[in-house]
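This is work27.cif. It holds mmCIF, C-alpha atoms.
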```cif
data_work
loop_
_atom_site.label_atom_id
_atom_site.label_comp_id
_atom_site.auth_asym_id
_atom_site.auth_seq_id
_atom_site.Cartn_x
_atom_site.Cartn_y
_atom_site.Cartn_z
CA MET E 861 116.01 33.11 -72.62
CA MET E 862 114.75 29.81 -74.01
CA PRO E 863 116.11 28.54 -77.36
CA SER E 864 112.71 28.95 -78.95
CA ASP E 865 112.94 32.71 -78.32
CA HIS E 866 115.90 33.08 -80.65
CA LEU E 867 115.60 33.80 -84.33
CA THR E 868 118.83 31.89 -84.98
CA THR E 869 117.29 28.56 -83.90
CA TYR E 870 114.62 28.79 -86.57
CA LEU E 871 117.07 30.01 -89.21
CA VAL E 872 119.37 27.05 -88.55
CA ILE E 873 116.39 24.69 -88.89
CA GLY E 874 115.56 26.37 -92.21
CA ALA E 875 119.17 25.99 -93.38
CA PHE E 876 119.11 22.34 -92.31
CA LEU E 877 115.98 21.72 -94.40
CA LEU E 878 117.58 23.52 -97.36
CA PHE E 879 120.75 21.44 -97.35
CA VAL E 880 118.98 18.15 -96.62
CA GLY E 881 116.80 18.91 -99.65
CA LEU E 882 119.90 19.70 -101.71
CA TYR E 883 121.50 16.42 -100.66
CA GLY E 884 118.29 14.61 -101.58
CA MET E 885 118.36 16.27 -105.01
CA ILE E 886 121.89 14.95 -105.54
CA ARG E 887 121.23 11.51 -104.11
CA HIS E 888 117.88 10.52 -105.56
CA ARG E 889 117.90 9.34 -109.15
CA THR E 890 114.17 9.21 -109.77
CA LEU E 891 112.09 12.24 -110.75
CA ILE E 892 109.70 11.78 -107.81
CA GLY E 893 112.61 11.58 -105.37
CA MET E 894 113.93 14.90 -106.69
CA LEU E 895 110.46 16.47 -106.36
CA ILE E 896 110.23 15.33 -102.74
CA SER E 897 113.60 16.97 -102.04
CA VAL E 898 112.43 20.24 -103.60
CA GLU E 899 109.41 20.19 -101.28
CA LEU E 900 111.80 19.95 -98.31
CA MET E 901 113.69 23.02 -99.54
CA LEU E 902 110.44 24.97 -99.93
CA ALA E 903 109.45 24.01 -96.38
CA GLY E 904 112.77 25.48 -95.22
CA ALA E 905 111.93 28.72 -97.02
CA GLY E 906 108.54 28.78 -95.25
CA VAL E 907 110.22 28.34 -91.84
CA ASN E 908 112.54 31.26 -92.61
CA PHE E 909 109.69 33.56 -93.64
CA MET E 910 107.65 32.74 -90.55
CA ALA E 911 110.66 33.22 -88.25
CA PHE E 912 111.55 36.63 -89.69
CA ASN E 913 107.86 37.51 -89.53
CA HIS E 914 107.73 36.71 -85.83
CA PHE E 915 110.96 38.33 -84.73
CA THR E 916 111.76 41.29 -86.99
CA ALA E 917 108.77 42.27 -89.15
CA PRO E 918 106.55 45.14 -88.04
CA ASP E 919 103.41 43.62 -89.57
CA PRO E 920 102.77 39.93 -88.69
CA ALA E 921 100.51 39.46 -91.71
CA VAL E 922 103.36 39.85 -94.23
CA GLY E 923 105.26 36.67 -93.44
CA GLN E 924 102.10 34.60 -93.16
CA ALA E 925 100.95 35.85 -96.57
CA PHE E 926 104.28 34.99 -98.16
CA THR E 927 104.33 31.54 -96.58
CA LEU E 928 100.87 30.95 -97.98
CA PHE E 929 102.14 32.03 -101.41
CA ILE E 930 105.02 29.54 -101.10
CA MET E 931 102.49 26.81 -100.29
CA GLY E 932 100.49 27.71 -103.40
CA ILE E 933 103.61 27.68 -105.59
CA ALA E 934 104.66 24.31 -104.11
CA ALA E 935 101.24 22.81 -104.79
CA ALA E 936 101.24 24.05 -108.39
CA GLU E 937 104.79 22.78 -108.91
CA ALA E 938 103.93 19.36 -107.49
CA ALA E 939 100.89 19.08 -109.77
CA ILE E 940 102.95 19.98 -112.87
CA VAL E 941 105.82 17.64 -112.01
CA ILE E 942 103.51 14.70 -111.24
CA SER E 943 101.76 15.14 -114.59
CA LEU E 944 105.17 15.32 -116.30
CA VAL E 945 106.20 12.12 -114.52
CA ILE E 946 103.04 10.40 -115.75
CA ALA E 947 103.66 11.59 -119.31
CA VAL E 948 107.35 10.60 -119.21
CA HIS E 949 106.53 7.21 -117.76
CA ARG E 950 103.98 6.58 -120.50
CA ARG E 951 106.47 7.57 -123.21
CA PHE E 952 109.69 5.97 -121.91
CA ARG E 953 108.41 3.30 -119.45
CA SER E 954 110.91 4.70 -116.93
CA VAL E 955 111.26 7.63 -114.54
CA ASP E 956 115.04 7.45 -114.35
CA PRO E 957 116.46 10.74 -115.73
CA GLN E 958 119.51 8.82 -117.00
CA ALA E 959 117.29 6.73 -119.26
CA ILE E 960 115.45 9.68 -120.78
CA ASP E 961 118.01 10.89 -123.29
CA ASP E 962 116.03 11.13 -126.49
CA LEU E 963 117.57 14.49 -127.40
CA ARG E 964 121.14 13.27 -127.04
CA GLY E 965 122.99 13.84 -130.31
CA MET V 105 103.87 29.28 -64.81
CA ILE V 106 107.51 28.33 -65.40
CA LEU V 107 106.39 24.69 -65.67
CA TYR V 108 104.26 25.52 -68.71
CA ARG V 109 107.22 27.33 -70.24
CA TYR V 110 109.40 24.22 -69.91
CA LEU V 111 106.58 22.06 -71.23
CA ALA V 112 106.28 24.29 -74.33
CA GLU V 113 110.04 24.12 -74.77
CA GLY V 114 109.94 20.32 -74.63
CA ILE V 115 107.22 20.23 -77.29
CA PHE V 116 109.32 22.61 -79.40
CA PHE V 117 112.27 20.21 -79.25
CA ALA V 118 109.98 17.29 -80.03
CA PHE V 119 108.95 19.05 -83.23
CA ILE V 120 112.60 19.73 -84.10
CA VAL V 121 113.32 16.01 -83.63
CA LEU V 122 110.36 15.23 -85.93
CA ILE V 123 111.81 17.53 -88.61
CA PHE V 124 115.29 16.05 -88.21
CA PHE V 125 114.32 12.40 -88.48
CA GLY V 126 111.59 13.01 -91.05
CA SER V 127 113.93 14.82 -93.42
CA LEU V 128 116.68 12.24 -92.91
CA LEU V 129 114.18 9.47 -93.68
CA THR V 130 113.17 11.41 -96.79
CA VAL V 131 116.65 11.47 -98.26
CA ARG V 132 117.93 8.16 -96.91
CA ALA V 133 114.90 5.91 -97.60
CA ARG V 134 115.32 2.79 -99.69
CA LEU V 135 111.69 2.88 -100.88
CA LEU V 136 110.10 5.98 -102.35
CA MET V 137 106.99 5.34 -100.25
CA HIS V 138 109.09 5.68 -97.11
CA ALA V 139 110.52 8.92 -98.48
CA VAL V 140 107.00 10.35 -98.84
CA LEU V 141 106.19 9.19 -95.30
CA GLY V 142 109.30 10.95 -93.99
CA LEU V 143 108.28 14.09 -95.87
CA ALA V 144 104.87 14.03 -94.14
CA VAL V 145 106.56 13.65 -90.73
CA ALA V 146 108.91 16.57 -91.46
CA PHE V 147 105.96 18.72 -92.57
CA ILE V 148 104.10 17.97 -89.33
CA GLY V 149 107.22 19.13 -87.47
CA VAL V 150 107.27 22.35 -89.52
CA ALA V 151 103.59 22.86 -88.68
CA GLY V 152 104.52 22.60 -85.00
CA LEU V 153 107.16 25.31 -85.50
CA PHE V 154 104.55 27.55 -87.12
CA PHE V 155 102.29 26.98 -84.13
CA HIS V 156 105.17 27.91 -81.86
CA LEU V 157 105.79 31.07 -83.87
CA GLY V 158 102.32 32.27 -82.94
CA SER V 159 100.27 31.35 -85.98
CA PRO V 160 97.86 28.40 -85.51
CA PHE V 161 96.29 29.27 -88.85
CA MET V 162 99.55 28.64 -90.74
CA ALA V 163 100.09 25.39 -88.82
CA MET V 164 96.64 24.27 -89.91
CA MET V 165 97.30 25.29 -93.51
CA GLN V 166 100.63 23.43 -93.46
CA VAL V 167 98.96 20.21 -92.34
CA LEU V 168 96.03 20.72 -94.71
CA ILE V 169 97.95 21.64 -97.87
CA TYR V 170 101.23 19.77 -97.50
CA VAL V 171 100.34 16.66 -95.51
CA GLY V 172 96.79 16.43 -96.80
CA ALA V 173 97.17 17.37 -100.46
CA VAL V 174 100.78 17.38 -101.66
CA CYS V 175 101.79 14.14 -99.93
CA VAL V 176 98.71 12.33 -101.22
CA MET V 177 99.55 13.57 -104.72
CA LEU V 178 103.15 12.35 -104.29
CA VAL V 179 101.90 8.91 -103.20
CA PHE V 180 99.78 8.89 -106.34
CA GLY V 181 102.80 9.76 -108.45
CA VAL V 182 104.91 7.05 -106.80
CA MET V 183 102.21 4.44 -107.44
CA VAL V 184 101.91 5.44 -111.11
CA GLY V 185 105.62 5.72 -111.77
CA GLN V 186 106.71 2.39 -110.39
CA ALA V 187 105.69 -0.41 -108.07
CA PRO V 188 105.71 0.91 -104.50
CA THR V 189 107.85 -1.98 -103.27
CA GLN V 190 110.54 -1.27 -105.84
CA SER V 191 113.59 0.34 -104.29
CA ALA V 192 114.44 3.93 -105.11
CA GLN V 193 117.44 4.16 -107.37
CA THR V 194 120.12 6.26 -105.78
CA ARG V 195 123.55 7.33 -106.77
CA GLY V 196 126.34 5.41 -105.13
CA GLY V 197 130.05 5.62 -104.66
CA HIS V 198 132.01 8.77 -105.23
CA ASN V 199 129.23 11.19 -106.09
CA ARG V 200 127.26 10.48 -102.93
CA TRP V 201 130.16 11.31 -100.61
CA LEU V 202 130.94 14.41 -102.65
CA GLY V 203 127.33 15.57 -102.34
CA LEU V 204 127.21 14.78 -98.63
CA GLY V 205 130.43 16.70 -98.03
CA THR V 206 129.27 19.70 -100.05
CA CYS V 207 125.91 19.90 -98.29
CA GLY V 208 127.44 19.44 -94.85
CA ALA V 209 130.04 22.13 -95.50
CA GLY V 210 127.36 24.49 -96.83
CA PHE V 211 125.21 23.90 -93.75
CA VAL V 212 128.08 24.54 -91.35
CA LEU V 213 129.11 27.68 -93.24
CA LEU V 214 125.58 29.09 -93.35
CA SER V 215 124.93 28.25 -89.69
CA ALA V 216 128.16 29.95 -88.62
CA THR V 217 127.15 33.04 -90.58
CA LEU V 218 123.67 33.01 -89.04
CA ALA V 219 125.07 32.66 -85.52
CA ARG V 220 127.28 35.72 -85.99
CA THR V 221 124.61 37.98 -87.45
CA ARG V 222 122.72 40.31 -85.12
CA TRP V 223 119.16 40.89 -86.27
CA THR V 224 117.31 43.98 -85.14
CA ALA V 225 113.65 43.83 -84.23
CA ALA V 226 111.15 46.27 -85.67
CA ALA V 227 110.73 49.48 -83.71
CA GLU V 228 106.96 49.24 -83.53
CA GLN V 229 104.37 46.57 -84.28
CA ILE V 230 101.40 47.25 -86.49
CA GLY V 231 98.60 44.75 -86.74
CA ASP V 232 98.37 41.40 -84.98
CA TYR V 233 98.18 37.68 -85.72
CA SER V 234 94.40 37.63 -86.10
CA LEU V 235 92.83 36.07 -89.13
CA GLN V 236 90.89 39.27 -89.81
CA HIS V 237 94.09 41.27 -90.19
CA LEU V 238 95.60 38.59 -92.48
CA GLY V 239 92.49 38.58 -94.65
CA MET V 240 92.41 42.37 -94.84
CA SER V 241 96.05 42.50 -95.93
CA PHE V 242 95.36 39.82 -98.54
CA LEU V 243 92.62 41.96 -100.02
CA HIS V 244 94.40 45.31 -99.67
CA GLN V 245 98.18 45.04 -99.62
CA PHE V 246 98.72 41.78 -101.52
CA VAL V 247 95.68 41.75 -103.76
CA LEU V 248 97.75 41.57 -106.96
CA ALA V 249 99.93 38.70 -105.70
CA PHE V 250 96.84 36.95 -104.37
CA GLU V 251 95.11 37.08 -107.75
CA LEU V 252 98.33 36.06 -109.53
CA ILE V 253 98.70 32.99 -107.32
CA SER V 254 95.11 32.04 -108.12
CA VAL V 255 95.79 32.34 -111.85
CA ILE V 256 99.04 30.37 -111.49
CA LEU V 257 97.23 27.56 -109.68
CA LEU V 258 94.52 27.49 -112.35
CA ILE V 259 97.07 27.40 -115.18
CA ALA V 260 99.11 24.71 -113.39
CA ILE V 261 96.08 22.47 -112.94
CA LEU V 262 94.94 22.95 -116.54
CA GLY V 263 98.48 22.33 -117.81
CA ALA V 264 98.81 19.22 -115.66
CA ILE V 265 95.59 17.82 -117.09
CA ILE V 266 96.71 18.57 -120.67
CA ILE V 267 100.18 17.05 -120.16
CA ALA V 268 98.95 13.92 -118.39
CA ARG V 269 96.11 13.25 -120.84
CA HIS V 270 96.51 10.21 -123.05
CA PRO V 271 97.68 11.32 -126.53
CA GLU V 272 95.07 9.27 -128.40
CA GLU V 273 92.11 10.69 -126.51
CA GLY V 274 91.99 13.96 -128.42
CA ARG V 275 92.10 12.44 -131.89
CA GLN V 276 89.06 10.21 -131.58
CA SER V 277 86.53 13.03 -131.37
#
```

Show me this structure written as C-alpha cells.
Amino acid sequence: MMPSDHLTTYLVIGAFLLFVGLYGMIRHRTLIGMLISVELMLAGAGVNFMAFNHFTAPDPAVGQAFTLFIMGIAAAEAAIVISLVIAVHRRFRSVDPQAIDDLRG
Amino acid sequence: MILYRYLAEGIFFAFIVLIFFGSLLTVRARLLMHAVLGLAVAFIGVAGLFFHLGSPFMAMMQVLIYVGAVCVMLVFGVMVGQAPTQSAQTRGGHNRWLGLGTCGAGFVLLSATLARTRWTAAAEQIGDYSLQHLGMSFLHQFVLAFELISVILLIAILGAIIIARHPEEGRQS
C-alpha cells in the first residue's frame, strides 16, 4: 500500500493546513494577513471533504459538490473582507486591528 | 506498470512539499506580498492533491478560483492597504511562542487521534467521478444549496461594492 492510498495521509495534511492557518491568525497583525490565514484553513477543509469523498462516501459527487460550495463561500468571504479593509483603511489610514479602537470606552 | 505507480507517488510527495513550504511561507513571510505568493503555492499543492484523489475537475476549479481569482483579489487588497514593500506587522515575544506551542500541540493531538481511528469504506458505490454525474446531482440533490450559494455570492458582491464605495459619491446626485 502506498501512502497516497491511505485516508489518514490526507487528513493529516488537512489538519496541518488548519493549524498553520490558526498560527497565522495568531501571528499576523494586519487584517489581510488574517484573511490569508483563514483561506489556508478553508483549503484544509476542502482537502478533508475530498479525501472522505474518495475513500468512504458512496457517491463521489457529494464531496466534490461540498468542496465547490466551500470555494464559493471563500470567494464571497474574501470579497467582503477586502471591501471592509478598503473602507477601514479609508477611515482610519491603517489596517492594524490594534489601531482601530474607535468603540473603546 | 509499477514504475508509473512510483512516479505518481513521487509527484504526490512533491505536491505535499509544495503545500508544506507554501503554507509556512504564508505564515512566516516578512512581506504580505510574499504571504500571498506562499498562499498561491500552497493552493497549487492542494490542487495536485485533488487531482490525485481522482477529480481533475476540482483541481482545475481550485487553480481557477483560488489561484486565479482569490489570490489576485488579495494582491489588490495588499496594494490598497499599504505599500507592498512595507513589512507585515507581526506579534513578537511571548504571544508568538504561546501560539506556536498551542498550534503544534493541537496538530500533534489531532494527528494522533486520526492515526488511531479506523474508517470504514462504503459498502457500495453509486455514481462516478464524471462531470455529468456531478452536474446532475447539483441540479437534483443539491439544487437548494446551489441556488443559495448563488444568492450568497450575489449579496456578497453587492455588499462589497456598497461598503467599499466612497462615502461622498452617493450624496452628489

Enumerate, in order of chain and increasing residue number, the residues of chain V with an atom no farther than 7 Å from chain E, each with its shortest atom pair and distance in Å to one decimal, counting all atoms listed in the file, as JSON lines.
```
{"residue": "V:Glu113", "atom": "CA", "partner": "E:Ser864", "partner_atom": "CA", "distance": 6.9}
{"residue": "V:Ser127", "atom": "CA", "partner": "E:Val880", "partner_atom": "CA", "distance": 6.8}
{"residue": "V:Val131", "atom": "CA", "partner": "E:Gly884", "partner_atom": "CA", "distance": 4.9}
{"residue": "V:Leu136", "atom": "CA", "partner": "E:Gly893", "partner_atom": "CA", "distance": 6.8}
{"residue": "V:Phe154", "atom": "CA", "partner": "E:Met910", "partner_atom": "CA", "distance": 7.0}
{"residue": "V:Leu157", "atom": "CA", "partner": "E:His914", "partner_atom": "CA", "distance": 6.3}
{"residue": "V:Met162", "atom": "CA", "partner": "E:Gln924", "partner_atom": "CA", "distance": 6.9}
{"residue": "V:Val174", "atom": "CA", "partner": "E:Ala935", "partner_atom": "CA", "distance": 6.3}
{"residue": "V:Gly181", "atom": "CA", "partner": "E:Ile942", "partner_atom": "CA", "distance": 5.7}
{"residue": "V:Val182", "atom": "CA", "partner": "E:Ile892", "partner_atom": "CA", "distance": 6.8}
{"residue": "V:Val184", "atom": "CA", "partner": "E:Ile946", "partner_atom": "CA", "distance": 6.9}
{"residue": "V:Gly185", "atom": "CA", "partner": "E:His949", "partner_atom": "CA", "distance": 6.2}
{"residue": "V:Gln193", "atom": "CA", "partner": "E:Arg889", "partner_atom": "CA", "distance": 5.5}
{"residue": "V:Thr194", "atom": "CA", "partner": "E:His888", "partner_atom": "CA", "distance": 4.8}
{"residue": "V:Arg195", "atom": "CA", "partner": "E:Arg887", "partner_atom": "CA", "distance": 5.5}
{"residue": "V:Arg200", "atom": "CA", "partner": "E:Arg887", "partner_atom": "CA", "distance": 6.2}
{"residue": "V:Gly203", "atom": "CA", "partner": "E:Tyr883", "partner_atom": "CA", "distance": 6.1}
{"residue": "V:Leu204", "atom": "CA", "partner": "E:Tyr883", "partner_atom": "CA", "distance": 6.3}
{"residue": "V:Cys207", "atom": "CA", "partner": "E:Phe879", "partner_atom": "CA", "distance": 5.5}
{"residue": "V:Phe211", "atom": "CA", "partner": "E:Phe879", "partner_atom": "CA", "distance": 6.2}
{"residue": "V:Ser215", "atom": "CA", "partner": "E:Val872", "partner_atom": "CA", "distance": 5.8}
{"residue": "V:Leu218", "atom": "CA", "partner": "E:Thr868", "partner_atom": "CA", "distance": 6.4}
{"residue": "V:Ala219", "atom": "CA", "partner": "E:Thr868", "partner_atom": "CA", "distance": 6.3}
{"residue": "V:Thr224", "atom": "CA", "partner": "E:Thr916", "partner_atom": "CA", "distance": 6.4}
{"residue": "V:Ala225", "atom": "CA", "partner": "E:Thr916", "partner_atom": "CA", "distance": 4.2}
{"residue": "V:Ala226", "atom": "CA", "partner": "E:Thr916", "partner_atom": "CA", "distance": 5.2}
{"residue": "V:Glu228", "atom": "CA", "partner": "E:Pro918", "partner_atom": "CA", "distance": 6.1}
{"residue": "V:Gln229", "atom": "CA", "partner": "E:Pro918", "partner_atom": "CA", "distance": 4.6}
{"residue": "V:Ile230", "atom": "CA", "partner": "E:Asp919", "partner_atom": "CA", "distance": 5.2}
{"residue": "V:Gly231", "atom": "CA", "partner": "E:Asp919", "partner_atom": "CA", "distance": 5.7}
{"residue": "V:Asp232", "atom": "CA", "partner": "E:Pro920", "partner_atom": "CA", "distance": 5.9}
{"residue": "V:Tyr233", "atom": "CA", "partner": "E:Pro920", "partner_atom": "CA", "distance": 5.9}
{"residue": "V:His237", "atom": "CA", "partner": "E:Ala921", "partner_atom": "CA", "distance": 6.8}
{"residue": "V:Leu238", "atom": "CA", "partner": "E:Ala921", "partner_atom": "CA", "distance": 5.0}
{"residue": "V:Ser241", "atom": "CA", "partner": "E:Ala921", "partner_atom": "CA", "distance": 6.9}
{"residue": "V:Ile253", "atom": "CA", "partner": "E:Gly932", "partner_atom": "CA", "distance": 6.8}
{"residue": "V:Leu257", "atom": "CA", "partner": "E:Ala936", "partner_atom": "CA", "distance": 5.5}
{"residue": "V:Ala260", "atom": "CA", "partner": "E:Ala936", "partner_atom": "CA", "distance": 5.5}
{"residue": "V:Ile261", "atom": "CA", "partner": "E:Ala939", "partner_atom": "CA", "distance": 6.7}
{"residue": "V:Ala264", "atom": "CA", "partner": "E:Ile940", "partner_atom": "CA", "distance": 5.0}
{"residue": "V:Ile267", "atom": "CA", "partner": "E:Ser943", "partner_atom": "CA", "distance": 6.1}
{"residue": "V:Ala268", "atom": "CA", "partner": "E:Ser943", "partner_atom": "CA", "distance": 4.9}
```

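CA of Val179 (chain V) is found 6.9 Å from CA of Met137 (chain V).
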
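Relative to CA of Ala133 (chain V), CA of Leu202 (chain V) is found at 18.8 Å.
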
Measure the distance from CA of Arg220 (chain V) to CA of Ala905 (chain E) in Å and round it to one decimal.
20.2 Å

Selection result for the PyMOL selection byres ((chain V and resi 165-168) around 9) on this file, as number ranges by chain:
E: 928, 931; V: 144, 147-148, 150-151, 154, 160-164, 169-173

Determine the residue set returned by the PyMOL selection byres ((chain V and resi 140-142) around 6) for the present structure, and present it as a PyMOL selection string.
chain V and resi 126+129-130+137-139+143-145
